[in-house]
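S.K.: Following this message is one structure expressed as structure tokens.
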Amino acid sequence: MISVVILGAGNVATHLFNAFNNSDSVSVIQWFNRNISSLKSYKNGVEITDDLSQLKEADLYIIAVSDDAISSLSSQFLFENRLVVHTSGTVNIHDLDKKNRRGVFYPLQTFSKNATLDFADVPICIEAIDKSDLSTLKVLSKAIGSPYHKVSTNQRKALHLAAVFVNNFTNQLYRVAHEITEAEGVEFDILKPLILETAKKVQNLSPYMAQTGPAKRKDKKTIKKHLDLLKKEQHKAIYELLTASIQQTHGVLTDPRTHSKKNKVHGRKKL
């Protein structure tokens, strides 16, 4: 049985608490947050505290707070030589105070506090200074049914950056699409099967091979029609940027505003 103390009360901390609570191999013995009122609804299921000096001895301390607060919080622990990990995608493992053994337990997923989440769909990126601590993080991942991946700090940062593109930026594109359909009084829901199929496609194909559409086809007439339909300059700029990016990836680069082709030879303009 792995004993755990969780620090923080945000989305990640809450989902981890629920996952650990459903495991027969993990015991959350304490939950800390500076604003203890955020944890009041859990007080019957776990000991809660807002006092760092009262932290219990545990196998593992999981810091699930904002990135800017991780280093400072880890330096305030009164104990030494215990395993302390953070859950950030971007914070260096060495930002944790070195008086304790250091590690990372980064769940790569989008978290909403009230959403139900199966941790079988949550890959855990783990990192540790000591091999024995890495083994503990592997066991902890398995205990909640998550696949785990041993990654370095730089690899984790790259994954976090890539995650912003596939999640946050993609969600913003959904928002743009919602505005476009809403403006014409058509249901955004009609697009949802396409959204799901697009996500399913990259399970079996590389994003390069999965690409379709007017930009890849160099369909200048359709591109022009789309740009004419877009009323917001910001939306036009996004369309033009992504069109140029797709065309650069797939060969001939067409300026979506002038529709002139720029042939490239070995990465340089043909003279």
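Scheme for the structure tokens: letters A, B, ... for chains in order shown; per-chain residue numbers from 1; ligand numbers from 1 in order shown.
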Counting only C-alpha atoms, give me one row per residue of segment 74-176 of chain A with an atom at most 10 Å from an atom of segment 53-58 of chain A, showing the shortest contact pair and its distance in Å to one decimal, sorted by chain then residue number, as a Markdown table.

M.R.:
| residue | atom | partner | partner_atom | distance |
| --- | --- | --- | --- | --- |
| A:Gln76 | CA | A:Ser53 | CA | 9.0 |
| A:Phe77 | CA | A:Ser53 | CA | 7.5 |
| A:Leu78 | CA | A:Ser53 | CA | 6.6 |
| A:Phe79 | CA | A:Glu57 | CA | 8.8 |
| A:Arg82 | CA | A:Ala58 | CA | 8.0 |
| A:Leu83 | CA | A:Ala58 | CA | 8.6 |
| A:Val84 | CA | A:Ala58 | CA | 9.9 |

S.K.: Taking the DSSP assignment computed from this structure's backbone, write out as a VMD selection string all residues of segment 79-265 of chain A that belong to helix (DSSP H, G or I).

M.R.: chain A and resid 93 to 95 119 to 121 131 to 143 153 to 183 188 to 201 207 to 210 214 to 217 220 to 229 233 to 249

S.K.: Using only C-alpha atoms, can you tell me which of A:Gln247, A:Asn21, A:Thr170, A:Asn81 comes closest to Ala143 of chain A?

M.R.: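 Of the candidates, the smallest distance to Ala143 of chain A is held by A:Asn21.
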
S.K.: Can you pull out every residue from segment 1-245 of chain A that DSSP, working from the backbone, puts in strand (DSSP E or B), and format the result as a ChimeraX atom specification?

M.R.: /A:2-7,26-32,48-49,60-63,83-86,101-107,124-128,148-150

S.K.: At a cut-off of 12 Å, using only C-alpha atoms, what residues contact His226 of chain A? Leave out same-chain residues fewer than 4 positions from it and give the result as a PyMOL selection string.

M.R.: chain A and resi 180+214-215+219-222+230-232+235-240+243+256-257

S.K.: Could you dump the residues just selected with N, CA, C and O atoms as a CSV table (one decimal), in the first residue's frame?

M.R.:
chain,number,residue,atom,x,y,z
A,180,ILE,N,-18.9,30.8,-36.4
A,180,ILE,CA,-19.2,30.8,-37.8
A,180,ILE,C,-20.6,30.2,-38.1
A,180,ILE,O,-21.4,30.7,-38.8
A,214,PRO,N,-9.2,21.7,-48.8
A,214,PRO,CA,-8.8,22.6,-49.9
A,214,PRO,C,-7.3,23.0,-49.8
A,214,PRO,O,-6.7,23.3,-50.9
A,215,ALA,N,-6.8,23.2,-48.6
A,215,ALA,CA,-5.4,23.7,-48.5
A,215,ALA,C,-4.5,22.7,-49.1
A,215,ALA,O,-3.6,23.0,-49.9
A,219,ASP,N,-6.8,24.0,-53.6
A,219,ASP,CA,-8.1,24.4,-54.3
A,219,ASP,C,-8.3,25.9,-54.1
A,219,ASP,O,-8.9,26.4,-53.1
A,220,LYS,N,-7.7,26.7,-55.0
A,220,LYS,CA,-7.7,28.2,-54.8
A,220,LYS,C,-9.1,28.8,-54.8
A,220,LYS,O,-9.3,29.7,-54.1
A,221,LYS,N,-10.0,28.2,-55.6
A,221,LYS,CA,-11.4,28.8,-55.7
A,221,LYS,C,-12.1,28.7,-54.3
A,221,LYS,O,-12.7,29.6,-53.8
A,222,THR,N,-12.0,27.5,-53.7
A,222,THR,CA,-12.6,27.2,-52.4
A,222,THR,C,-12.0,28.1,-51.3
A,222,THR,O,-12.7,28.7,-50.5
A,230,LEU,N,-15.6,34.8,-44.4
A,230,LEU,CA,-15.1,35.1,-43.0
A,230,LEU,C,-15.3,36.6,-42.8
A,230,LEU,O,-14.7,37.4,-43.5
A,231,LYS,N,-16.0,37.0,-41.8
A,231,LYS,CA,-16.3,38.4,-41.5
A,231,LYS,C,-15.3,39.0,-40.5
A,231,LYS,O,-15.0,40.2,-40.6
A,232,LYS,N,-14.7,38.2,-39.7
A,232,LYS,CA,-13.7,38.8,-38.7
A,232,LYS,C,-12.3,38.7,-39.3
A,232,LYS,O,-11.9,37.6,-39.7
A,235,HIS,N,-10.3,35.8,-37.8
A,235,HIS,CA,-10.6,34.5,-38.3
A,235,HIS,C,-9.9,34.4,-39.7
A,235,HIS,O,-9.4,33.3,-40.0
A,236,LYS,N,-9.9,35.4,-40.5
A,236,LYS,CA,-9.2,35.4,-41.8
A,236,LYS,C,-7.7,35.1,-41.6
A,236,LYS,O,-7.1,34.3,-42.3
A,237,ALA,N,-7.1,35.8,-40.6
A,237,ALA,CA,-5.7,35.6,-40.3
A,237,ALA,C,-5.4,34.1,-39.9
A,237,ALA,O,-4.4,33.6,-40.3
A,238,ILE,N,-6.2,33.5,-39.1
A,238,ILE,CA,-6.1,32.2,-38.7
A,238,ILE,C,-6.2,31.2,-39.9
A,238,ILE,O,-5.3,30.3,-40.1
A,239,TYR,N,-7.2,31.5,-40.7
A,239,TYR,CA,-7.4,30.7,-41.9
A,239,TYR,C,-6.2,30.7,-42.8
A,239,TYR,O,-5.7,29.7,-43.3
A,240,GLU,N,-5.7,32.0,-43.1
A,240,GLU,CA,-4.5,32.1,-43.9
A,240,GLU,C,-3.3,31.5,-43.4
A,240,GLU,O,-2.5,30.8,-44.1
A,243,THR,N,-3.7,27.6,-43.6
A,243,THR,CA,-3.6,27.2,-45.0
A,243,THR,C,-2.2,27.2,-45.5
A,243,THR,O,-1.7,26.3,-46.2
A,256,PRO,N,-2.7,32.5,-49.8
A,256,PRO,CA,-4.2,32.4,-49.8
A,256,PRO,C,-4.8,33.8,-50.2
A,256,PRO,O,-6.0,33.8,-50.5
A,257,ARG,N,-4.0,34.9,-50.1
A,257,ARG,CA,-4.6,36.2,-50.4
A,257,ARG,C,-4.5,36.4,-51.9
A,257,ARG,O,-5.3,37.0,-52.6

S.K.: Point out the residue among A:Asn11, A:Asn18, A:Asn35, A:Ser66 with the least atom-to-atom distance to Phe111 of chain A, counting only C-alpha atoms.

M.R.: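 Of all the options, A:Asn11 lies closest to Phe111 of chain A.
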
S.K.: Could you pull the residues within 8 Å of Leu7 of chain A, counting only C-alpha atoms, minus those fewer than 6 positions along the same chain, as a PDB file with N, CA and C atoms, in the first residue's frame?

M.R.:
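Output (out-v9.pdb):
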ATOM      1  N   ALA A  13      -5.453  17.775  -8.776  1.00  0.00           N
ATOM      2  CA  ALA A  13      -5.452  17.211  -7.422  1.00  0.00           C
ATOM      3  C   ALA A  13      -6.749  16.451  -7.147  1.00  0.00           C
ATOM      4  N   TRP A  31      -4.766  15.508   2.916  1.00  0.00           N
ATOM      5  CA  TRP A  31      -4.927  16.429   1.780  1.00  0.00           C
ATOM      6  C   TRP A  31      -4.715  17.841   2.317  1.00  0.00           C
ATOM      7  N   PHE A  32      -3.736  18.524   1.736  1.00  0.00           N
ATOM      8  CA  PHE A  32      -3.396  19.884   2.170  1.00  0.00           C
ATOM      9  C   PHE A  32      -3.843  20.908   1.138  1.00  0.00           C
ATOM     10  N   ASN A  33      -4.347  22.034   1.640  1.00  0.00           N
ATOM     11  CA  ASN A  33      -4.559  23.217   0.794  1.00  0.00           C
ATOM     12  C   ASN A  33      -4.542  24.449   1.692  1.00  0.00           C
ATOM     13  N   TYR A  61       4.632  12.535  -1.557  1.00  0.00           N
ATOM     14  CA  TYR A  61       3.940  13.828  -1.446  1.00  0.00           C
ATOM     15  C   TYR A  61       3.772  14.366  -2.871  1.00  0.00           C
ATOM     16  N   ILE A  62       2.522  14.586  -3.257  1.00  0.00           N
ATOM     17  CA  ILE A  62       2.237  15.032  -4.618  1.00  0.00           C
ATOM     18  C   ILE A  62       1.824  16.492  -4.600  1.00  0.00           C
ATOM     19  N   ILE A  63       2.662  17.350  -5.196  1.00  0.00           N
ATOM     20  CA  ILE A  63       2.369  18.779  -5.277  1.00  0.00           C
ATOM     21  C   ILE A  63       1.600  19.051  -6.568  1.00  0.00           C
ATOM     22  N   ALA A  64       0.317  19.359  -6.424  1.00  0.00           N
ATOM     23  CA  ALA A  64      -0.539  19.636  -7.577  1.00  0.00           C
ATOM     24  C   ALA A  64      -1.087  21.052  -7.451  1.00  0.00           C
ATOM     25  N   VAL A  65      -0.171  22.020  -7.560  1.00  0.00           N
ATOM     26  CA  VAL A  65      -0.530  23.435  -7.461  1.00  0.00           C
ATOM     27  C   VAL A  65      -0.062  24.138  -8.732  1.00  0.00           C
TER      28      VAL A  65
END

S.K.: If you count only C-alpha atoms, which residues fall within 9 Å of Thr110 of chain A, apart from same-chain ones fewer than 3 positions away, as a list in words?

M.R.: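 Those residues are Val12, Pro107 and Asn167 of chain A.
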